[in-house]
Amino acid sequence: MTRLDTAISNSKQSKPYYHRIILDLLVQLTTNGKHRSLMSFKQSGNKLTAEQKETLRRYTDSIILLLEIGMAFHEIKQFLVN
């Protein structure tokens, strides 16, 4: 997650709460909406499958690139969710 943390921190659109909301978005996307937050996922005791780990990696890479081109969180969410 170091690359993601760096991309969030370097983003011109970055806000103090971006880390949490981006991680929550990744959880939602990776679990197909079953969990809405990282805390919810951790509390469930579930583990990611190999397929979910690959999905997480792809979404993480996408978010990093979108942050690097200057997209704001609401734009990233709209882009990835739709």
# chains A, B, ... in the order shown; residues from 1 in each chain; ligands from 1
>>> residues_around(residues="Tyr59 of chain A", least_positions_apart="3", cutoff="10 Å", atoms="only C-alpha atoms", output="list in words")
Leu25, Leu26, Val27, Leu29, Thr30, Lys53, Glu54, Thr55, Leu56, Ser62, Ile63, Ile64, Leu65 and Leu80 of chain A
>>> residues_around(residues="Thr31 of chain A", least_positions_apart="6", cutoff="9 Å", atoms="only C-alpha atoms", output="PyMOL selection string")
chain A and resi 41+48+52
>>> write_last_selection(atoms="all heavy atoms", output="PDB file, in the first residue's frame")
ATOM      1  N   PHE A  41     -15.010  -5.225   7.121  1.00  0.00           N
ATOM      2  CA  PHE A  41     -14.353  -6.415   6.578  1.00  0.00           C
ATOM      3  C   PHE A  41     -13.485  -7.084   7.639  1.00  0.00           C
ATOM      4  O   PHE A  41     -13.527  -8.302   7.806  1.00  0.00           O
ATOM      5  CB  PHE A  41     -13.509  -6.059   5.352  1.00  0.00           C
ATOM      6  CG  PHE A  41     -12.785  -7.234   4.777  1.00  0.00           C
ATOM      7  CD1 PHE A  41     -13.465  -8.182   4.032  1.00  0.00           C
ATOM      8  CD2 PHE A  41     -11.433  -7.409   4.996  1.00  0.00           C
ATOM      9  CE1 PHE A  41     -12.811  -9.291   3.505  1.00  0.00           C
ATOM     10  CE2 PHE A  41     -10.765  -8.508   4.471  1.00  0.00           C
ATOM     11  CZ  PHE A  41     -11.452  -9.448   3.734  1.00  0.00           C
ATOM     12  N   LEU A  48      -9.549 -12.627   1.969  1.00  0.00           N
ATOM     13  CA  LEU A  48      -9.687 -12.447   0.525  1.00  0.00           C
ATOM     14  C   LEU A  48      -9.286 -13.714  -0.213  1.00  0.00           C
ATOM     15  O   LEU A  48      -8.298 -14.359   0.139  1.00  0.00           O
ATOM     16  CB  LEU A  48      -8.806 -11.290   0.043  1.00  0.00           C
ATOM     17  CG  LEU A  48      -9.179  -9.888   0.500  1.00  0.00           C
ATOM     18  CD1 LEU A  48      -8.167  -8.881  -0.031  1.00  0.00           C
ATOM     19  CD2 LEU A  48     -10.577  -9.519   0.062  1.00  0.00           C
ATOM     20  N   GLN A  52     -10.062 -12.224  -5.409  1.00  0.00           N
ATOM     21  CA  GLN A  52     -10.284 -10.921  -4.792  1.00  0.00           C
ATOM     22  C   GLN A  52      -8.969 -10.159  -4.613  1.00  0.00           C
ATOM     23  O   GLN A  52      -8.933  -8.942  -4.766  1.00  0.00           O
ATOM     24  CB  GLN A  52     -10.988 -11.076  -3.445  1.00  0.00           C
ATOM     25  CG  GLN A  52     -12.444 -11.448  -3.558  1.00  0.00           C
ATOM     26  CD  GLN A  52     -13.069 -11.725  -2.213  1.00  0.00           C
ATOM     27  OE1 GLN A  52     -12.470 -12.356  -1.345  1.00  0.00           O
ATOM     28  NE2 GLN A  52     -14.295 -11.248  -2.026  1.00  0.00           N
TER      29      GLN A  52
END
>>> closest_residue(among="A:Ala50, A:Leu38, A:Met71, A:Ala7", to="Leu23 of chain A", atoms="only C-alpha atoms")
A:Leu38
>>> select_by_dssp(residues="chain A", states="alpha helix (DSSP H)", output="JSON, numbers by chain")
{"A": [2, 3, 4, 5, 6, 7, 8, 9, 10, 18, 19, 20, 21, 22, 23, 24, 25, 26, 27, 28, 29, 30, 38, 39, 40, 41, 42, 43, 44, 50, 51, 52, 53, 54, 55, 56, 57, 58, 59, 60, 61, 62, 63, 64, 65, 66, 67, 68, 73, 74, 75, 76, 77, 78, 79, 80, 81]}
>>> residues_around(residues="Ser40 of chain A", least_positions_apart="6", cutoff="10 Å", atoms="only C-alpha atoms", output="list in words")
Asp24, Val27, Lys34 and Asn46 of chain A
>>> write_last_selection(atoms="N, CA and C atoms", output="compact mmCIF listing (two decimals), in the first residue's frame")
# COMPACT_ATOMS: atom_id res chain seq x y z
N ASP A 24 -11.90 2.32 2.06
CA ASP A 24 -13.27 1.82 2.12
C ASP A 24 -13.82 1.53 0.73
N VAL A 27 -12.41 -1.74 -0.49
CA VAL A 27 -13.10 -2.87 0.15
C VAL A 27 -14.44 -3.11 -0.53
N LYS A 34 -20.31 -6.32 -0.45
CA LYS A 34 -20.67 -7.08 0.75
C LYS A 34 -20.23 -6.35 2.02
N ASN A 46 -13.46 -12.48 7.55
CA ASN A 46 -13.30 -13.05 6.21
C ASN A 46 -11.88 -12.81 5.69
>>> atom_distance(atom1="atom CA of Thr2 of chain A", atom2="atom CA of Asn82 of chain A")
26.6 Å
